[in-house]
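K.L.:
Below is a structure I'd like to ask you about.
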Amino acid sequence: MIELIRYTSEYKERWNELVTSSRNGTFLFYREYLDYHSDRFTDCSFLFLKKGKVEAIIPGNRKNTTYYSHQGLTYGGLVVSPRIVTADILEIFTIFNKELINTGFSEVIYKPVPLIYHTIPSQEDIYALYLCKAEKISCHLSSTIFQKSKIRFIESRKSGVRKGTREGINISEGTDFETFWNILESNLSNKFNITPVHTLGEIKLLKSRFPENIKLFIAYHKEIALAGTVVYIMKDLIHVQYISANETGKALGALDMLFDELINNIYDFIPVFDFGQSTEKSGHYLNENLIFQKEGFGGRGVVYETYRYSLQ
């Protein structure tokens with residue numbers, strides 16, 4: 001019933017059509033997003049057809065004898081249409097695993113799409129992982145707001161909003177990624193000795209490809225940028241990809257002003273607001289200062305998981 005096809009560029013249109021109509025896909029699965037870093041990964045993605053129609057896809061890459069879904073994404077796994085059911089997905093895993101064994105893979109590292117990104121429940125793959133005797137090897141914690149039942153800001157966040165208002169901080173959407181990247185790179189370098197996941201060139205490229213999905217908001221004081229955030233906009237969810245403020249911005253409550261505006265005004269109509277992860281080292285380390293800030297805005301826990309199973 002199910003046919004497996006290795007992805008090549010000739011299937012790009014059909015791949016993207018499945019993402020658009022899927023019950024758990026986001027714009028990160030479009031080939032225009034996946035392929036921006038194709039030089040870093042050996043692509044090994046698959047399409048799954050039923051009666052000649054693409055009903056599921058899995059973005060993946062190969063590294064030695066390990067199959068990843070996908071190392072270039074925070075989440076991945078099977079992206080499926082509303083039409084297929086549990087029996088189909090179990091069959092997909094059966095033929096998928098056979099194909100991997102036949103092509104020399106020994107194990108699978110699998111990152112399912114977190115439930116908050118689903119427009120229709122799509123956790124049949126978690127059940128299939130259980131049947132594959134998969135073990136959970138990573139559990140990251142994100143902080144998420146459901147707008148219909150959001151929690152009020154804690155007093156320190158409210159105080160920051162009041163301070164920012166007094167100081168005349170204003171929030172605006174823009175395209176000055178250079179200015180924000182200077183703030184972001186400086187913070188990450190000084191605090192953690194790391195760089196952003198995306199280079200300035202990469203984020204500008206992705207913005208050009210997805211202008212309605214990737215937005216930059218900056219907090220200004222007297223026309224000087226103090227803080228900013230890059231958000232990824234899905235159908236029913238806003239995901240915060242980057243947050244950063246300089247020392248003046250932190251002192252003047254710029255981030256508090258920024259997120260008050262995003263959560264309670266600009267994007268209050270979108271059901272889910274996700275701040276992203278506050279954990280490192282496969283979830284074993286919790287950045288308490290970072291999660292304190294996100295929970296202060298009303299965010300509460302959602303997990304991003306990773307599984308591993310052996311191919312036999």
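Identifiers in this document derive from the order of the structure tokens: chains are assigned A, B, ..., residues are numbered from 1 separately in each chain, and ligands are numbered from 1 in order of occurrence.
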Could you find all residues in region 140-306 of chain A that DSSP calls strand (DSSP E or B) from the backbone, and write them as a ChimeraX atom specification?

P.N.:
/A:140-146,170-174,214-221,224-233,237-245,272-277,279-280,285-286,300-306

K.L.:
Could you produce a table of the residues of region 65-152 of chain A lying within 12 Å of region 260-264 of chain A, with the nearest pair of atoms per residue and their separation in Å rounded to one decimal, using only C-alpha atoms, ordered by chain and increasing residue number, as CSV?

P.N.:
residue,atom,partner,partner_atom,distance
A:Thr144,CA,A:Ile263,CA,11.1
A:Ile145,CA,A:Ile263,CA,8.8
A:Phe146,CA,A:Ile263,CA,10.3
A:Gln147,CA,A:Ile263,CA,8.2
A:Lys148,CA,A:Asn264,CA,11.4
A:Lys150,CA,A:Ile263,CA,9.6
A:Ile151,CA,A:Ile263,CA,11.2
A:Arg152,CA,A:Asn264,CA,10.3

K.L.:
Select, from A:Gly253, A:Pro121, A:Gly298, A:Pro271, the residue with the minimum atom-to-atom distance to Gly164 (chain A), counting only C-alpha atoms.

P.N.:
A:Gly253

K.L.:
Between A:Ser69, A:Val272, A:Ile183, A:Lys294, single out the one closest to Pro196 (chain A), counting only C-alpha atoms.

P.N.:
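Of A:Ser69, A:Val272, A:Ile183, A:Lys294, the one nearest Pro196 (chain A), counting only C-alpha atoms, is A:Ile183.
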
K.L.:
CA of Lys50 (chain A) and CA of Arg31 (chain A), how far apart in Å?

P.N.:
21.4 Å

K.L.:
Counting only C-alpha atoms, which of A:Asn16, A:Met257, A:Arg166, A:Gln312 gets nearest to Asn102 (chain A)?

P.N.:
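Checking each of A:Asn16, A:Met257, A:Arg166, A:Gln312 against Asn102 (chain A), counting only C-alpha atoms, the winner is A:Gln312.
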
K.L.:
Can you pull out the residues contacting region 19-24 of chain A? Cut-off 9 Å, using only C-alpha atoms, and skip same-chain residues under 2 positions away; I want them as a PyMOL selection string.

P.N.:
chain A and resi 14-17+26-27+29-30+55-57+78-82+113-115+117-122

K.L.:
Export, as a JSON list (two decimals), in the first residue's frame, the selected residues with C-alpha atoms.

P.N.:
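Generated file (part_25.json):
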[["chain", "number", "residue", "atom", "x", "y", "z"],
["A", 14, "ARG", "CA", 5.16, 17.59, -4.32],
["A", 15, "TRP", "CA", 7.20, 17.74, -1.11],
["A", 16, "ASN", "CA", 6.17, 21.35, -0.47],
["A", 17, "GLU", "CA", 2.54, 20.61, -1.27],
["A", 26, "THR", "CA", 5.70, 24.15, 9.52],
["A", 27, "PHE", "CA", 7.54, 26.34, 7.04],
["A", 29, "PHE", "CA", 10.04, 21.77, 6.30],
["A", 30, "TYR", "CA", 9.78, 23.54, 2.96],
["A", 55, "GLU", "CA", 0.88, 11.34, 2.18],
["A", 56, "ALA", "CA", 3.98, 11.73, 4.35],
["A", 57, "ILE", "CA", 7.56, 12.94, 4.25],
["A", 78, "LEU", "CA", 7.41, 12.36, 10.09],
["A", 79, "VAL", "CA", 5.21, 15.07, 8.55],
["A", 80, "VAL", "CA", 1.86, 13.63, 7.56],
["A", 81, "SER", "CA", -1.37, 14.40, 5.75],
["A", 82, "PRO", "CA", -4.76, 14.43, 7.51],
["A", 113, "VAL", "CA", 7.40, 17.58, 15.89],
["A", 114, "PRO", "CA", 6.25, 18.88, 19.32],
["A", 115, "LEU", "CA", 2.50, 18.77, 19.91],
["A", 117, "TYR", "CA", 2.95, 22.70, 16.25],
["A", 118, "HIS", "CA", 0.18, 20.26, 15.30],
["A", 119, "THR", "CA", -2.97, 21.60, 13.67],
["A", 120, "ILE", "CA", -4.43, 18.09, 14.03],
["A", 121, "PRO", "CA", -3.06, 15.58, 16.61],
["A", 122, "SER", "CA", -0.13, 13.70, 15.04]]

K.L.:
Hey, what does DSSP flag as alpha helix (DSSP H) within region 36-191 of chain A? Can you give it to me as an mmCIF file with N, CA and C atoms, in the first residue's frame?

P.N.:
data_model
loop_
_atom_site.group_PDB
_atom_site.id
_atom_site.type_symbol
_atom_site.label_atom_id
_atom_site.label_comp_id
_atom_site.auth_asym_id
_atom_site.auth_seq_id
_atom_site.Cartn_x
_atom_site.Cartn_y
_atom_site.Cartn_z
ATOM 1 N N THR A 86 -3.238 5.451 11.712
ATOM 2 C CA THR A 86 -2.196 4.751 12.457
ATOM 3 C C THR A 86 -1.616 3.574 11.682
ATOM 4 N N ALA A 87 -2.473 2.764 11.069
ATOM 5 C CA ALA A 87 -1.981 1.598 10.322
ATOM 6 C C ALA A 87 -1.017 2.017 9.212
ATOM 7 N N ASP A 88 -1.327 3.132 8.553
ATOM 8 C CA ASP A 88 -0.442 3.637 7.508
ATOM 9 C C ASP A 88 0.915 4.039 8.079
ATOM 10 N N ILE A 89 0.883 4.706 9.213
ATOM 11 C CA ILE A 89 2.132 5.192 9.804
ATOM 12 C C ILE A 89 2.990 4.034 10.307
ATOM 13 N N LEU A 90 2.376 3.020 10.843
ATOM 14 C CA LEU A 90 3.143 1.840 11.256
ATOM 15 C C LEU A 90 3.759 1.156 10.037
ATOM 16 N N GLU A 91 3.015 1.132 8.929
ATOM 17 C CA GLU A 91 3.572 0.560 7.701
ATOM 18 C C GLU A 91 4.718 1.419 7.184
ATOM 19 N N ILE A 92 4.564 2.728 7.284
ATOM 20 C CA ILE A 92 5.632 3.631 6.864
ATOM 21 C C ILE A 92 6.914 3.339 7.634
ATOM 22 N N PHE A 93 6.810 3.186 8.951
ATOM 23 C CA PHE A 93 7.996 2.890 9.749
ATOM 24 C C PHE A 93 8.615 1.551 9.360
ATOM 25 N N THR A 94 7.779 0.585 9.041
ATOM 26 C CA THR A 94 8.299 -0.734 8.638
ATOM 27 C C THR A 94 9.122 -0.636 7.363
ATOM 28 N N ILE A 95 8.590 0.003 6.337
ATOM 29 C CA ILE A 95 9.331 0.091 5.073
ATOM 30 C C ILE A 95 10.497 1.074 5.179
ATOM 31 N N PHE A 96 10.332 2.106 5.985
ATOM 32 C CA PHE A 96 11.408 3.075 6.220
ATOM 33 C C PHE A 96 12.602 2.383 6.867
ATOM 34 N N ASN A 97 12.343 1.605 7.922
ATOM 35 C CA ASN A 97 13.432 0.900 8.607
ATOM 36 C C ASN A 97 14.109 -0.125 7.698
ATOM 37 N N LYS A 98 13.327 -0.826 6.896
ATOM 38 C CA LYS A 98 13.907 -1.795 5.958
ATOM 39 C C LYS A 98 14.814 -1.104 4.958
ATOM 40 N N GLU A 99 14.366 0.054 4.458
ATOM 41 C CA GLU A 99 15.174 0.800 3.504
ATOM 42 C C GLU A 99 16.495 1.249 4.143
ATOM 43 N N LEU A 100 16.421 1.709 5.379
ATOM 44 C CA LEU A 100 17.638 2.164 6.061
ATOM 45 C C LEU A 100 18.615 1.007 6.277
ATOM 46 N N ILE A 101 18.097 -0.141 6.672
ATOM 47 C CA ILE A 101 18.957 -1.317 6.858
ATOM 48 C C ILE A 101 19.624 -1.701 5.540
ATOM 49 N N ASN A 102 18.835 -1.680 4.467
ATOM 50 C CA ASN A 102 19.364 -2.075 3.160
ATOM 51 C C ASN A 102 20.416 -1.113 2.624
ATOM 52 N N GLU A 124 1.141 9.638 16.290
ATOM 53 C CA GLU A 124 1.243 8.219 15.963
ATOM 54 C C GLU A 124 2.694 7.774 15.830
ATOM 55 N N ASP A 125 3.558 8.734 15.431
ATOM 56 C CA ASP A 125 4.967 8.369 15.299
ATOM 57 C C ASP A 125 5.600 8.050 16.658
ATOM 58 N N ILE A 126 5.120 8.686 17.712
ATOM 59 C CA ILE A 126 5.622 8.376 19.062
ATOM 60 C C ILE A 126 5.275 6.935 19.424
ATOM 61 N N TYR A 127 4.076 6.518 19.051
ATOM 62 C CA TYR A 127 3.685 5.125 19.290
ATOM 63 C C TYR A 127 4.563 4.183 18.468
ATOM 64 N N ALA A 128 4.821 4.548 17.214
ATOM 65 C CA ALA A 128 5.693 3.722 16.374
ATOM 66 C C ALA A 128 7.102 3.629 16.958
ATOM 67 N N LEU A 129 7.597 4.706 17.526
ATOM 68 C CA LEU A 129 8.907 4.686 18.173
ATOM 69 C C LEU A 129 8.924 3.711 19.344
ATOM 70 N N TYR A 130 7.841 3.693 20.089
ATOM 71 C CA TYR A 130 7.724 2.747 21.206
ATOM 72 C C TYR A 130 7.824 1.306 20.702
ATOM 73 N N LEU A 131 7.152 1.027 19.601
ATOM 74 C CA LEU A 131 7.205 -0.319 19.033
ATOM 75 C C LEU A 131 8.597 -0.650 18.497
ATOM 76 N N GLU A 155 5.455 40.520 38.781
ATOM 77 C CA GLU A 155 5.647 41.928 39.087
ATOM 78 C C GLU A 155 6.920 42.506 38.472
ATOM 79 N N SER A 156 7.997 41.752 38.467
ATOM 80 C CA SER A 156 9.242 42.294 37.899
ATOM 81 C C SER A 156 9.111 42.561 36.404
ATOM 82 N N ARG A 157 8.333 41.745 35.691
ATOM 83 C CA ARG A 157 8.104 41.987 34.269
ATOM 84 C C ARG A 157 7.171 43.196 34.084
ATOM 85 N N LYS A 158 6.167 43.304 34.931
ATOM 86 C CA LYS A 158 5.275 44.470 34.878
ATOM 87 C C LYS A 158 6.053 45.749 35.169
ATOM 88 N N SER A 159 6.961 45.669 36.141
ATOM 89 C CA SER A 159 7.780 46.833 36.487
ATOM 90 C C SER A 159 8.632 47.266 35.304
ATOM 91 N N GLY A 160 9.164 46.280 34.575
ATOM 92 C CA GLY A 160 9.947 46.598 33.385
ATOM 93 C C GLY A 160 9.122 47.284 32.318
ATOM 94 N N VAL A 161 7.871 46.839 32.154
ATOM 95 C CA VAL A 161 6.979 47.481 31.186
ATOM 96 C C VAL A 161 6.727 48.931 31.588
ATOM 97 N N ARG A 162 6.470 49.154 32.872
ATOM 98 C CA ARG A 162 6.224 50.523 33.342
ATOM 99 C C ARG A 162 7.456 51.410 33.129
ATOM 100 N N LYS A 163 8.634 50.862 33.427
ATOM 101 C CA LYS A 163 9.873 51.615 33.248
ATOM 102 C C LYS A 163 10.092 51.952 31.775
ATOM 103 N N GLY A 164 9.879 50.968 30.911
ATOM 104 C CA GLY A 164 10.049 51.201 29.489
ATOM 105 C C GLY A 164 9.086 52.254 28.956
ATOM 106 N N THR A 165 7.868 52.226 29.483
ATOM 107 C CA THR A 165 6.871 53.222 29.080
ATOM 108 C C THR A 165 7.307 54.619 29.505
ATOM 109 N N ARG A 166 7.788 54.742 30.727
ATOM 110 C CA ARG A 166 8.249 56.045 31.219
ATOM 111 C C ARG A 166 9.420 56.572 30.392
ATOM 112 N N GLU A 167 10.287 55.667 29.992
ATOM 113 C CA GLU A 167 11.476 56.068 29.245
ATOM 114 C C GLU A 167 11.195 56.343 27.766
ATOM 115 N N PHE A 177 18.607 43.697 10.374
ATOM 116 C CA PHE A 177 19.184 42.534 11.034
ATOM 117 C C PHE A 177 20.630 42.796 11.456
ATOM 118 N N GLU A 178 21.326 43.646 10.740
ATOM 119 C CA GLU A 178 22.715 43.949 11.092
ATOM 120 C C GLU A 178 22.814 44.509 12.511
ATOM 121 N N THR A 179 21.959 45.491 12.824
ATOM 122 C CA THR A 179 21.990 46.108 14.152
ATOM 123 C C THR A 179 21.652 45.089 15.233
ATOM 124 N N PHE A 180 20.597 44.299 14.993
ATOM 125 C CA PHE A 180 20.222 43.315 16.006
ATOM 126 C C PHE A 180 21.288 42.243 16.153
ATOM 127 N N TRP A 181 21.886 41.823 15.036
ATOM 128 C CA TRP A 181 22.909 40.768 15.107
ATOM 129 C C TRP A 181 24.131 41.242 15.903
ATOM 130 N N ASN A 182 24.430 42.536 15.838
ATOM 131 C CA ASN A 182 25.532 43.068 16.645
ATOM 132 C C ASN A 182 25.243 42.909 18.136
ATOM 133 N N ILE A 183 24.004 43.192 18.538
ATOM 134 C CA ILE A 183 23.609 43.025 19.937
ATOM 135 C C ILE A 183 23.637 41.550 20.317
ATOM 136 N N LEU A 184 23.067 40.709 19.451
ATOM 137 C CA LEU A 184 22.960 39.283 19.720
ATOM 138 C C LEU A 184 24.335 38.628 19.812
ATOM 139 N N GLU A 185 25.181 38.871 18.825
ATOM 140 C CA GLU A 185 26.502 38.247 18.810
ATOM 141 C C GLU A 185 27.345 38.695 19.986
ATOM 142 N N SER A 186 27.232 39.950 20.358
ATOM 143 C CA SER A 186 27.990 40.459 21.501
ATOM 144 C C SER A 186 27.572 39.761 22.788
ATOM 145 N N ASN A 187 26.265 39.614 22.988
ATOM 146 C CA ASN A 187 25.762 38.943 24.189
ATOM 147 C C ASN A 187 26.188 37.487 24.248
ATOM 148 N N LEU A 188 25.995 36.766 23.147
ATOM 149 C CA LEU A 188 26.315 35.337 23.130
ATOM 150 C C LEU A 188 27.815 35.113 23.313
ATOM 151 N N SER A 189 28.623 35.975 22.712
ATOM 152 C CA SER A 189 30.070 35.832 22.834
ATOM 153 C C SER A 189 30.540 36.121 24.254
ATOM 154 N N ASN A 190 30.049 37.213 24.841
ATOM 155 C CA ASN A 190 30.499 37.616 26.177
ATOM 156 C C ASN A 190 30.021 36.669 27.271
ATOM 157 N N LYS A 191 28.794 36.161 27.124
ATOM 158 C CA LYS A 191 28.211 35.330 28.188
ATOM 159 C C LYS A 191 28.546 33.850 28.046
#

K.L.:
Find, counting only C-alpha atoms, the residue in A:Gln241, A:Ser106, A:Ser208, A:Asn170 that gets nearest to Lys222 (chain A).

P.N.:
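Smallest distance to Lys222 (chain A) is found for A:Asn170.
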
K.L.:
Quick one: residues within 9 Å of Tyr75 (chain A), only C-alpha atoms, excluding same-chain residues fewer than 4 positions away - as an MDAnalysis selection string?

P.N.:
chainID A and resid 69:71 110:114 304:306
